[in-house]
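Here's run_14.pdb, which has PDB, C-alpha atoms, pLDDT in the B column:
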ATOM      1  CA  MET A   1      -5.486-151.781 120.699  1.00 65.00           C
ATOM      2  CA  GLN A   2      -5.736-148.577 118.701  1.00 83.00           C
ATOM      3  CA  SER A   3      -3.378-148.277 115.726  1.00 91.00           C
ATOM      4  CA  LEU A   4      -1.318-145.314 116.858  1.00 96.00           C
ATOM      5  CA  VAL A   5       1.808-146.850 115.306  1.00 97.00           C
ATOM      6  CA  TYR A   6       1.613-148.826 112.054  1.00 96.00           C
ATOM      7  CA  PHE A   7       3.921-149.939 109.271  1.00 95.00           C
ATOM      8  CA  LEU A   8       3.918-149.389 105.517  1.00 92.00           C
ATOM      9  CA  TYR A   9       6.657-150.390 103.077  1.00 89.00           C
ATOM     10  CA  GLY A  10       9.278-150.685 105.806  1.00 88.00           C
ATOM     11  CA  LYS A  11       8.560-147.290 107.344  1.00 94.00           C
ATOM     12  CA  THR A  12       6.880-146.540 110.656  1.00 97.00           C
ATOM     13  CA  TYR A  13       3.864-144.248 110.755  1.00 97.00           C
ATOM     14  CA  ILE A  14       2.168-142.484 113.659  1.00 98.00           C
ATOM     15  CA  ASN A  15      -1.607-142.063 113.534  1.00 97.00           C
ATOM     16  CA  ILE A  16      -2.092-139.490 116.301  1.00 97.00           C
ATOM     17  CA  THR A  17      -5.512-138.012 115.453  1.00 96.00           C
ATOM     18  CA  ASN A  18      -8.493-138.359 113.124  1.00 96.00           C
ATOM     19  CA  ALA A  19      -9.246-134.629 113.194  1.00 96.00           C
ATOM     20  CA  CYS A  20      -8.430-132.576 110.088  1.00 97.00           C
ATOM     21  CA  THR A  21      -8.974-129.068 108.750  1.00 98.00           C
ATOM     22  CA  ASN A  22      -9.494-130.460 105.245  1.00 98.00           C
ATOM     23  CA  SER A  23     -11.871-133.010 103.784  1.00 97.00           C
ATOM     24  CA  CYS A  24      -9.978-133.877 100.600  1.00 96.00           C
ATOM     25  CA  ALA A  25     -11.886-135.437  97.734  1.00 94.00           C
ATOM     26  CA  PHE A  26      -9.203-138.103  97.194  1.00 93.00           C
ATOM     27  CA  CYS A  27      -8.607-138.987 100.858  1.00 92.00           C
ATOM     28  CA  LEU A  28      -8.338-142.730 101.454  1.00 88.00           C
ATOM     29  CA  ARG A  29     -10.342-142.488 104.647  1.00 89.00           C
ATOM     30  CA  ASN A  30     -13.427-141.804 102.517  1.00 85.00           C
ATOM     31  CA  ASP A  31     -13.214-145.331 101.121  1.00 82.00           C
ATOM     32  CA  LYS A  32     -11.567-147.629 103.664  1.00 88.00           C
ATOM     33  CA  ASP A  33     -10.938-147.987 107.374  1.00 90.00           C
ATOM     34  CA  ASP A  34      -7.476-149.510 107.406  1.00 88.00           C
ATOM     35  CA  VAL A  35      -3.944-149.313 106.062  1.00 90.00           C
ATOM     36  CA  LYS A  36      -2.443-152.766 105.489  1.00 86.00           C
ATOM     37  CA  GLY A  37      -4.796-154.181 108.102  1.00 88.00           C
ATOM     38  CA  ALA A  38      -4.154-151.485 110.727  1.00 91.00           C
ATOM     39  CA  TYR A  39      -7.543-150.014 111.688  1.00 90.00           C
ATOM     40  CA  MET A  40      -7.125-146.256 111.510  1.00 93.00           C
ATOM     41  CA  TRP A  41     -10.157-144.851 113.271  1.00 92.00           C
ATOM     42  CA  LEU A  42      -9.377-143.880 116.847  1.00 94.00           C
ATOM     43  CA  ASP A  43     -11.981-144.360 119.584  1.00 83.00           C
ATOM     44  CA  ASN A  44     -10.267-141.846 121.831  1.00 72.00           C
ATOM     45  CA  ALA A  45      -9.940-138.338 120.425  1.00 74.00           C
ATOM     46  CA  ASN A  46      -7.645-137.400 123.290  1.00 87.00           C
ATOM     47  CA  VAL A  47      -4.602-139.458 122.352  1.00 94.00           C
ATOM     48  CA  LYS A  48      -1.659-138.458 124.500  1.00 96.00           C
ATOM     49  CA  ALA A  49       2.042-138.475 123.679  1.00 97.00           C
ATOM     50  CA  GLU A  50       2.635-141.221 126.242  1.00 97.00           C
ATOM     51  CA  ASP A  51       0.101-143.438 124.434  1.00 96.00           C
ATOM     52  CA  VAL A  52       2.102-143.127 121.214  1.00 97.00           C
ATOM     53  CA  ILE A  53       5.420-143.599 122.994  1.00 98.00           C
ATOM     54  CA  ALA A  54       4.106-146.770 124.647  1.00 97.00           C
ATOM     55  CA  GLN A  55       3.261-148.269 121.238  1.00 96.00           C
ATOM     56  CA  ILE A  56       6.644-147.220 119.841  1.00 97.00           C
ATOM     57  CA  GLU A  57       8.296-149.026 122.734  1.00 97.00           C
ATOM     58  CA  GLU A  58       6.207-152.157 122.089  1.00 96.00           C
ATOM     59  CA  LYS A  59       7.122-152.185 118.388  1.00 95.00           C
ATOM     60  CA  LYS A  60      10.683-150.887 118.676  1.00 94.00           C
ATOM     61  CA  ALA A  61      12.255-154.055 117.256  1.00 94.00           C
ATOM     62  CA  ASP A  62      10.428-153.516 113.947  1.00 94.00           C
ATOM     63  CA  ILE A  63      11.160-149.794 113.600  1.00 95.00           C
ATOM     64  CA  LYS A  64      13.741-148.962 110.945  1.00 91.00           C
ATOM     65  CA  GLU A  65      14.982-145.981 108.912  1.00 87.00           C
ATOM     66  CA  GLU A  66      12.184-143.411 109.324  1.00 95.00           C
ATOM     67  CA  ILE A  67       9.208-142.471 111.503  1.00 98.00           C
ATOM     68  CA  VAL A  68       6.450-140.475 109.830  1.00 98.00           C
ATOM     69  CA  PHE A  69       3.643-138.563 111.515  1.00 98.00           C
ATOM     70  CA  CYS A  70       0.820-139.455 109.130  1.00 97.00           C
ATOM     71  CA  GLY A  71      -2.520-141.166 109.662  1.00 95.00           C
ATOM     72  CA  TYR A  72      -6.243-140.583 109.223  1.00 95.00           C
ATOM     73  CA  GLY A  73      -6.035-136.957 110.310  1.00 96.00           C
ATOM     74  CA  GLU A  74      -3.817-133.872 110.349  1.00 98.00           C
ATOM     75  CA  PRO A  75      -1.003-134.594 112.825  1.00 98.00           C
ATOM     76  CA  LEU A  76      -0.422-130.928 113.684  1.00 98.00           C
ATOM     77  CA  VAL A  77      -3.921-130.741 115.148  1.00 97.00           C
ATOM     78  CA  LYS A  78      -1.999-132.230 118.089  1.00 96.00           C
ATOM     79  CA  TYR A  79       1.245-130.343 117.626  1.00 96.00           C
ATOM     80  CA  ASN A  80       2.122-130.410 121.323  1.00 97.00           C
ATOM     81  CA  GLU A  81       1.950-134.197 121.299  1.00 97.00           C
ATOM     82  CA  VAL A  82       3.881-134.357 118.012  1.00 98.00           C
ATOM     83  CA  ILE A  83       6.664-132.287 119.538  1.00 98.00           C
ATOM     84  CA  GLU A  84       6.762-134.428 122.679  1.00 98.00           C
ATOM     85  CA  VAL A  85       6.902-137.674 120.695  1.00 98.00           C
ATOM     86  CA  ALA A  86       9.528-136.259 118.317  1.00 98.00           C
ATOM     87  CA  LYS A  87      11.684-135.275 121.293  1.00 98.00           C
ATOM     88  CA  TYR A  88      11.430-138.839 122.602  1.00 98.00           C
ATOM     89  CA  ILE A  89      12.412-140.275 119.199  1.00 98.00           C
ATOM     90  CA  LYS A  90      15.405-137.970 118.844  1.00 97.00           C
ATOM     91  CA  LYS A  91      16.555-138.798 122.361  1.00 97.00           C
ATOM     92  CA  THR A  92      16.105-142.578 122.268  1.00 96.00           C
ATOM     93  CA  MET A  93      16.532-143.351 118.545  1.00 95.00           C
ATOM     94  CA  PRO A  94      18.687-140.517 117.174  1.00 95.00           C
ATOM     95  CA  HIS A  95      19.648-142.577 114.109  1.00 94.00           C
ATOM     96  CA  LEU A  96      16.072-142.453 112.796  1.00 95.00           C
ATOM     97  CA  LYS A  97      14.770-139.807 110.428  1.00 96.00           C
ATOM     98  CA  VAL A  98      11.572-138.024 111.491  1.00 98.00           C
ATOM     99  CA  ARG A  99       9.068-136.715 108.940  1.00 98.00           C
ATOM    100  CA  ILE A 100       5.698-135.002 109.146  1.00 98.00           C
ATOM    101  CA  ASN A 101       3.111-135.332 106.383  1.00 98.00           C
ATOM    102  CA  THR A 102       0.834-132.333 106.812  1.00 98.00           C
ATOM    103  CA  ASN A 103      -1.718-130.138 105.101  1.00 98.00           C
ATOM    104  CA  GLY A 104       0.312-127.108 106.192  1.00 98.00           C
ATOM    105  CA  HIS A 105      -2.260-125.642 108.556  1.00 98.00           C
ATOM    106  CA  GLY A 106      -0.130-126.023 111.685  1.00 98.00           C
ATOM    107  CA  ASN A 107       0.290-122.313 112.377  1.00 98.00           C
ATOM    108  CA  TYR A 108      -3.423-121.690 111.845  1.00 98.00           C
ATOM    109  CA  LEU A 109      -4.283-124.494 114.249  1.00 97.00           C
ATOM    110  CA  ALA A 110      -1.866-123.362 116.937  1.00 97.00           C
ATOM    111  CA  LYS A 111      -2.610-119.662 116.441  1.00 97.00           C
ATOM    112  CA  LYS A 112       1.139-119.064 116.485  1.00 98.00           C
ATOM    113  CA  ASN A 113       4.291-119.894 114.521  1.00 98.00           C
ATOM    114  CA  ILE A 114       5.241-123.444 115.528  1.00 98.00           C
ATOM    115  CA  ILE A 115       7.940-123.882 112.883  1.00 98.00           C
ATOM    116  CA  PRO A 116      10.853-122.937 115.201  1.00 98.00           C
ATOM    117  CA  GLU A 117       9.690-125.661 117.606  1.00 97.00           C
ATOM    118  CA  LEU A 118       9.522-128.259 114.843  1.00 98.00           C
ATOM    119  CA  ALA A 119      12.812-127.398 113.147  1.00 98.00           C
ATOM    120  CA  PRO A 120      15.234-129.100 115.585  1.00 97.00           C
ATOM    121  CA  LEU A 121      13.062-132.209 115.859  1.00 98.00           C
ATOM    122  CA  ILE A 122      12.140-133.171 112.305  1.00 97.00           C
ATOM    123  CA  ASP A 123      14.305-133.973 109.328  1.00 97.00           C
ATOM    124  CA  THR A 124      11.754-133.579 106.557  1.00 98.00           C
ATOM    125  CA  ILE A 125       8.249-132.286 106.048  1.00 98.00           C
ATOM    126  CA  SER A 126       5.840-133.067 103.219  1.00 98.00           C
ATOM    127  CA  ILE A 127       3.087-130.506 102.700  1.00 98.00           C
ATOM    128  CA  SER A 128      -0.033-131.091 100.605  1.00 98.00           C
ATOM    129  CA  LEU A 129      -0.126-128.362  97.968  1.00 98.00           C
ATOM    130  CA  ASN A 130      -2.928-130.185  96.122  1.00 98.00           C
ATOM    131  CA  ALA A 131      -3.553-127.513  93.470  1.00 98.00           C
ATOM    132  CA  GLN A 132      -2.035-124.638  91.507  1.00 98.00           C
ATOM    133  CA  ASN A 133      -4.489-122.022  92.781  1.00 98.00           C
ATOM    134  CA  GLU A 134      -6.855-121.296  95.633  1.00 98.00           C
ATOM    135  CA  GLU A 135     -10.039-121.959  93.671  1.00 98.00           C
ATOM    136  CA  LEU A 136      -9.052-125.514  92.744  1.00 98.00           C
ATOM    137  CA  TYR A 137      -7.482-126.098  96.169  1.00 98.00           C
ATOM    138  CA  ASN A 138     -10.794-125.267  97.834  1.00 98.00           C
ATOM    139  CA  LYS A 139     -12.610-127.593  95.464  1.00 98.00           C
ATOM    140  CA  ILE A 140     -10.219-130.501  96.092  1.00 97.00           C
ATOM    141  CA  SER A 141      -9.289-129.983  99.740  1.00 98.00           C
ATOM    142  CA  LYS A 142     -12.579-128.572 101.041  1.00 98.00           C
ATOM    143  CA  PRO A 143     -10.899-126.671 103.889  1.00 98.00           C
ATOM    144  CA  LYS A 144     -12.864-125.747 106.973  1.00 97.00           C
ATOM    145  CA  PHE A 145     -11.575-122.167 107.160  1.00 98.00           C
ATOM    146  CA  GLU A 146     -11.039-119.261 104.786  1.00 98.00           C
ATOM    147  CA  GLY A 147      -7.524-118.506 103.588  1.00 98.00           C
ATOM    148  CA  ALA A 148      -6.405-122.118 103.938  1.00 98.00           C
ATOM    149  CA  TYR A 149      -4.446-122.142 100.673  1.00 98.00           C
ATOM    150  CA  GLN A 150      -2.361-119.102 101.575  1.00 98.00           C
ATOM    151  CA  ALA A 151      -1.908-120.397 105.125  1.00 98.00           C
ATOM    152  CA  MET A 152      -0.455-123.599 103.659  1.00 98.00           C
ATOM    153  CA  LEU A 153       1.889-121.704 101.323  1.00 98.00           C
ATOM    154  CA  ASP A 154       3.079-119.427 104.130  1.00 98.00           C
ATOM    155  CA  PHE A 155       3.735-122.443 106.341  1.00 98.00           C
ATOM    156  CA  ALA A 156       5.710-124.130 103.572  1.00 98.00           C
ATOM    157  CA  LYS A 157       7.825-121.021 102.984  1.00 98.00           C
ATOM    158  CA  GLY A 158       8.451-120.773 106.708  1.00 98.00           C
ATOM    159  CA  CYS A 159       9.704-124.360 106.792  1.00 98.00           C
ATOM    160  CA  VAL A 160      12.046-123.700 103.877  1.00 98.00           C
ATOM    161  CA  ASP A 161      13.335-120.518 105.498  1.00 98.00           C
ATOM    162  CA  VAL A 162      14.451-122.318 108.685  1.00 98.00           C
ATOM    163  CA  GLY A 163      16.184-125.069 106.718  1.00 97.00           C
ATOM    164  CA  ILE A 164      13.704-127.945 107.025  1.00 98.00           C
ATOM    165  CA  ASP A 165      13.887-130.309 104.042  1.00 98.00           C
ATOM    166  CA  THR A 166      10.497-129.388 102.573  1.00 98.00           C
ATOM    167  CA  THR A 167       8.487-131.060  99.806  1.00 98.00           C
ATOM    168  CA  LEU A 168       5.208-129.855  98.327  1.00 98.00           C
ATOM    169  CA  SER A 169       3.021-132.632  96.991  1.00 98.00           C
ATOM    170  CA  VAL A 170      -0.003-133.101  94.765  1.00 97.00           C
ATOM    171  CA  VAL A 171      -2.096-136.141  93.883  1.00 96.00           C
ATOM    172  CA  SER A 172      -2.081-136.895  90.173  1.00 93.00           C
ATOM    173  CA  GLY A 173      -4.540-138.927  88.171  1.00 91.00           C
ATOM    174  CA  TYR A 174      -7.598-138.357  90.357  1.00 91.00           C
ATOM    175  CA  LYS A 175     -10.744-137.422  88.385  1.00 91.00           C
ATOM    176  CA  GLU A 176      -8.774-135.021  86.209  1.00 91.00           C
ATOM    177  CA  ASP A 177     -11.908-133.923  84.363  1.00 91.00           C
ATOM    178  CA  ILE A 178     -13.285-132.570  87.639  1.00 94.00           C
ATOM    179  CA  TYR A 179     -10.031-131.618  89.366  1.00 94.00           C
ATOM    180  CA  PRO A 180      -7.618-130.401  86.632  1.00 96.00           C
ATOM    181  CA  VAL A 181      -4.373-130.200  88.593  1.00 97.00           C
ATOM    182  CA  ASP A 182      -1.591-128.540  86.564  1.00 97.00           C
ATOM    183  CA  ILE A 183       1.466-130.530  87.629  1.00 97.00           C
ATOM    184  CA  LYS A 184       3.969-128.171  86.029  1.00 98.00           C
ATOM    185  CA  ALA A 185       2.409-125.101  87.613  1.00 98.00           C
ATOM    186  CA  CYS A 186       2.488-126.823  90.999  1.00 98.00           C
ATOM    187  CA  GLU A 187       6.123-127.779  90.486  1.00 98.00           C
ATOM    188  CA  ASN A 188       6.899-124.137  89.747  1.00 98.00           C
ATOM    189  CA  ILE A 189       5.178-123.028  92.961  1.00 98.00           C
ATOM    190  CA  ALA A 190       7.403-125.388  94.927  1.00 98.00           C
ATOM    191  CA  ALA A 191      10.529-124.207  93.100  1.00 98.00           C
ATOM    192  CA  ASN A 192       9.674-120.559  93.697  1.00 98.00           C
ATOM    193  CA  ILE A 193       9.711-121.001  97.465  1.00 98.00           C
ATOM    194  CA  GLY A 194      12.753-123.281  97.443  1.00 98.00           C
ATOM    195  CA  ALA A 195      10.916-126.533  98.171  1.00 98.00           C
ATOM    196  CA  LYS A 196      11.116-129.915  96.509  1.00 98.00           C
ATOM    197  CA  PHE A 197       8.126-131.265  94.606  1.00 98.00           C
ATOM    198  CA  ARG A 198       6.399-134.623  94.386  1.00 98.00           C
ATOM    199  CA  ALA A 199       3.410-135.763  92.336  1.00 97.00           C
ATOM    200  CA  ARG A 200       1.863-138.797  94.058  1.00 91.00           C
ATOM    201  CA  GLU A 201      -0.188-141.045  91.817  1.00 89.00           C
ATOM    202  CA  TRP A 202      -3.666-141.658  93.171  1.00 84.00           C
ATOM    203  CA  ILE A 203      -4.042-145.190  94.474  1.00 77.00           C
ATOM    204  CA  GLN A 204      -7.625-146.172  93.702  1.00 67.00           C
ATOM    205  CA  ASN A 205      -7.923-148.981  96.232  1.00 62.00           C
ATOM    206  CA  GLY A 206      -5.593-147.517  98.824  1.00 62.00           C
ATOM    207  CA  TYR A 207      -2.875-149.412 100.643  1.00 53.00           C
TER
END
What do you get writing this file as structure tokens?
Amino acid sequence: MQSLVYFLYGKTYINITNACTNSCAFCLRNDKDDVKGAYMWLDNANVKAEDVIAQIEEKKADIKEEIVFCGYGEPLVKYNEVIEVAKYIKKTMPHLKVRINTNGHGNYLAKKNIIPELAPLIDTISISLNAQNEELYNKISKPKFEGAYQAMLDFAKGCVDVGIDTTLSVVSGYKEDIYPVDIKACENIAANIGAKFRAREWIQNGY
């Protein structure tokens, strides 16, 4: 069975796609195939919302506190499915918090503003800022389209503006001689748009 739903530190995660608009230098998928034994590579690129919902139903007894859209890909590549699954969660398990971990390229991917659709369905969103400027962002994140850094910042500001609890994140401690991330400058970027900030320490061997 594909690992569409897996667990990490008491939280439930949804691995809905392996596709991504970035190819980040620090990404765990470059080094390992699993998270706590859950094999993360999907053999079916066309995962449907009902596939995810079926696994949630199977594992419902173990689901507590929060469900996070986050796996070996950018969840908003499949934003229609994310919205459908989030609607199901809010309807059947309204006590649970819903979060999306994203690279912030959702509007670029959808070719429209999807934030108003997300706002009533998610409680928090964590967006990968990754760097204090576009040059370093492109070096770290290796985006597959031009203007990715500004697209991410615009998406983050849009989330803040509609009242989504928004956090910008960076990875600290990863090859700092090659990728000199300025944590304070990144924190200031988050503060300037009204978002929270988190520096996540790089985990060398993954989870």
Residue contacts of region 2-17 of chain A (10 Å, all atoms listed in the file) excluding same-chain residues fewer than 3 positions away, as a PDB file with C-alpha atoms, keeping the file's coordinate frame:
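Listed below is the output, around.pdb:
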ATOM      1  CA  CYS A  20      -8.430-132.576 110.088  1.00 97.00           C
ATOM      2  CA  ASP A  34      -7.476-149.510 107.406  1.00 88.00           C
ATOM      3  CA  VAL A  35      -3.944-149.313 106.062  1.00 90.00           C
ATOM      4  CA  LYS A  36      -2.443-152.766 105.489  1.00 86.00           C
ATOM      5  CA  GLY A  37      -4.796-154.181 108.102  1.00 88.00           C
ATOM      6  CA  ALA A  38      -4.154-151.485 110.727  1.00 91.00           C
ATOM      7  CA  TYR A  39      -7.543-150.014 111.688  1.00 90.00           C
ATOM      8  CA  MET A  40      -7.125-146.256 111.510  1.00 93.00           C
ATOM      9  CA  TRP A  41     -10.157-144.851 113.271  1.00 92.00           C
ATOM     10  CA  LEU A  42      -9.377-143.880 116.847  1.00 94.00           C
ATOM     11  CA  ASP A  43     -11.981-144.360 119.584  1.00 83.00           C
ATOM     12  CA  ASN A  44     -10.267-141.846 121.831  1.00 72.00           C
ATOM     13  CA  ALA A  45      -9.940-138.338 120.425  1.00 74.00           C
ATOM     14  CA  ASN A  46      -7.645-137.400 123.290  1.00 87.00           C
ATOM     15  CA  VAL A  47      -4.602-139.458 122.352  1.00 94.00           C
ATOM     16  CA  LYS A  48      -1.659-138.458 124.500  1.00 96.00           C
ATOM     17  CA  ALA A  49       2.042-138.475 123.679  1.00 97.00           C
ATOM     18  CA  ASP A  51       0.101-143.438 124.434  1.00 96.00           C
ATOM     19  CA  VAL A  52       2.102-143.127 121.214  1.00 97.00           C
ATOM     20  CA  ILE A  53       5.420-143.599 122.994  1.00 98.00           C
ATOM     21  CA  ALA A  54       4.106-146.770 124.647  1.00 97.00           C
ATOM     22  CA  GLN A  55       3.261-148.269 121.238  1.00 96.00           C
ATOM     23  CA  ILE A  56       6.644-147.220 119.841  1.00 97.00           C
ATOM     24  CA  GLU A  58       6.207-152.157 122.089  1.00 96.00           C
ATOM     25  CA  LYS A  59       7.122-152.185 118.388  1.00 95.00           C
ATOM     26  CA  LYS A  60      10.683-150.887 118.676  1.00 94.00           C
ATOM     27  CA  ASP A  62      10.428-153.516 113.947  1.00 94.00           C
ATOM     28  CA  ILE A  63      11.160-149.794 113.600  1.00 95.00           C
ATOM     29  CA  LYS A  64      13.741-148.962 110.945  1.00 91.00           C
ATOM     30  CA  GLU A  65      14.982-145.981 108.912  1.00 87.00           C
ATOM     31  CA  GLU A  66      12.184-143.411 109.324  1.00 95.00           C
ATOM     32  CA  ILE A  67       9.208-142.471 111.503  1.00 98.00           C
ATOM     33  CA  VAL A  68       6.450-140.475 109.830  1.00 98.00           C
ATOM     34  CA  PHE A  69       3.643-138.563 111.515  1.00 98.00           C
ATOM     35  CA  CYS A  70       0.820-139.455 109.130  1.00 97.00           C
ATOM     36  CA  GLY A  71      -2.520-141.166 109.662  1.00 95.00           C
ATOM     37  CA  TYR A  72      -6.243-140.583 109.223  1.00 95.00           C
ATOM     38  CA  GLY A  73      -6.035-136.957 110.310  1.00 96.00           C
ATOM     39  CA  GLU A  74      -3.817-133.872 110.349  1.00 98.00           C
ATOM     40  CA  PRO A  75      -1.003-134.594 112.825  1.00 98.00           C
ATOM     41  CA  LEU A  76      -0.422-130.928 113.684  1.00 98.00           C
ATOM     42  CA  VAL A  77      -3.921-130.741 115.148  1.00 97.00           C
ATOM     43  CA  LYS A  78      -1.999-132.230 118.089  1.00 96.00           C
ATOM     44  CA  TYR A  79       1.245-130.343 117.626  1.00 96.00           C
ATOM     45  CA  GLU A  81       1.950-134.197 121.299  1.00 97.00           C
ATOM     46  CA  VAL A  82       3.881-134.357 118.012  1.00 98.00           C
ATOM     47  CA  VAL A  85       6.902-137.674 120.695  1.00 98.00           C
ATOM     48  CA  VAL A  98      11.572-138.024 111.491  1.00 98.00           C
ATOM     49  CA  ARG A  99       9.068-136.715 108.940  1.00 98.00           C
ATOM     50  CA  ILE A 100       5.698-135.002 109.146  1.00 98.00           C
ATOM     51  CA  ASN A 101       3.111-135.332 106.383  1.00 98.00           C
ATOM     52  CA  TYR A 207      -2.875-149.412 100.643  1.00 53.00           C
TER      53      TYR A 207
END
Spell out the residues picked by the PyMOL selection byres ((chain A and resi 22-25) around 7) here, as an NGL selection string. :A and (20-21 or 26-27 or 140-144)
Measure the distance from CA of Ile127 (chain A) to CA of Gly104 (chain A) in Å and round it to one decimal. 5.6 Å
Answer key for the PyMOL selection byres ((chain A and resi 172) around 12), residues as a PyMOL selection string: chain A and resi 26+129-131+140+169-171+173-177+179-184+186+198-204
Residues picked by the PyMOL selection byres ((chain A and resi 87) around 12) here, as a PDB file with C-alpha atoms, keeping the file's coordinate frame?
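part.pdb, freshly written:
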ATOM      1  CA  ALA A  49       2.042-138.475 123.679  1.00 97.00           C
ATOM      2  CA  GLU A  50       2.635-141.221 126.242  1.00 97.00           C
ATOM      3  CA  ILE A  53       5.420-143.599 122.994  1.00 98.00           C
ATOM      4  CA  ASN A  80       2.122-130.410 121.323  1.00 97.00           C
ATOM      5  CA  GLU A  81       1.950-134.197 121.299  1.00 97.00           C
ATOM      6  CA  VAL A  82       3.881-134.357 118.012  1.00 98.00           C
ATOM      7  CA  ILE A  83       6.664-132.287 119.538  1.00 98.00           C
ATOM      8  CA  GLU A  84       6.762-134.428 122.679  1.00 98.00           C
ATOM      9  CA  VAL A  85       6.902-137.674 120.695  1.00 98.00           C
ATOM     10  CA  ALA A  86       9.528-136.259 118.317  1.00 98.00           C
ATOM     11  CA  TYR A  88      11.430-138.839 122.602  1.00 98.00           C
ATOM     12  CA  ILE A  89      12.412-140.275 119.199  1.00 98.00           C
ATOM     13  CA  LYS A  90      15.405-137.970 118.844  1.00 97.00           C
ATOM     14  CA  LYS A  91      16.555-138.798 122.361  1.00 97.00           C
ATOM     15  CA  THR A  92      16.105-142.578 122.268  1.00 96.00           C
ATOM     16  CA  MET A  93      16.532-143.351 118.545  1.00 95.00           C
ATOM     17  CA  PRO A  94      18.687-140.517 117.174  1.00 95.00           C
ATOM     18  CA  LEU A  96      16.072-142.453 112.796  1.00 95.00           C
ATOM     19  CA  VAL A  98      11.572-138.024 111.491  1.00 98.00           C
ATOM     20  CA  GLU A 117       9.690-125.661 117.606  1.00 97.00           C
ATOM     21  CA  LEU A 118       9.522-128.259 114.843  1.00 98.00           C
ATOM     22  CA  ALA A 119      12.812-127.398 113.147  1.00 98.00           C
ATOM     23  CA  PRO A 120      15.234-129.100 115.585  1.00 97.00           C
ATOM     24  CA  LEU A 121      13.062-132.209 115.859  1.00 98.00           C
ATOM     25  CA  ILE A 122      12.140-133.171 112.305  1.00 97.00           C
TER      26      ILE A 122
END
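You will find CA of Ala110 (chain A) at 29.4 Å from CA of Asp31 (chain A).
Comparing A:Lys111, A:Lys139, A:Lys196, A:Arg29 by their smallest distance to Lys157 (chain A), the closest is A:Lys196 (using all atoms listed in the file).
The interatomic distance for the pair CA of Met152 (chain A) and CA of His105 (chain A) works out to 5.6 Å.
Compared by their closest atoms to Ile115 (chain A), and using all atoms listed in the file, the residues A:Cys159, A:Leu136, A:Ala151, A:Ala190 rank with A:Cys159 nearest.
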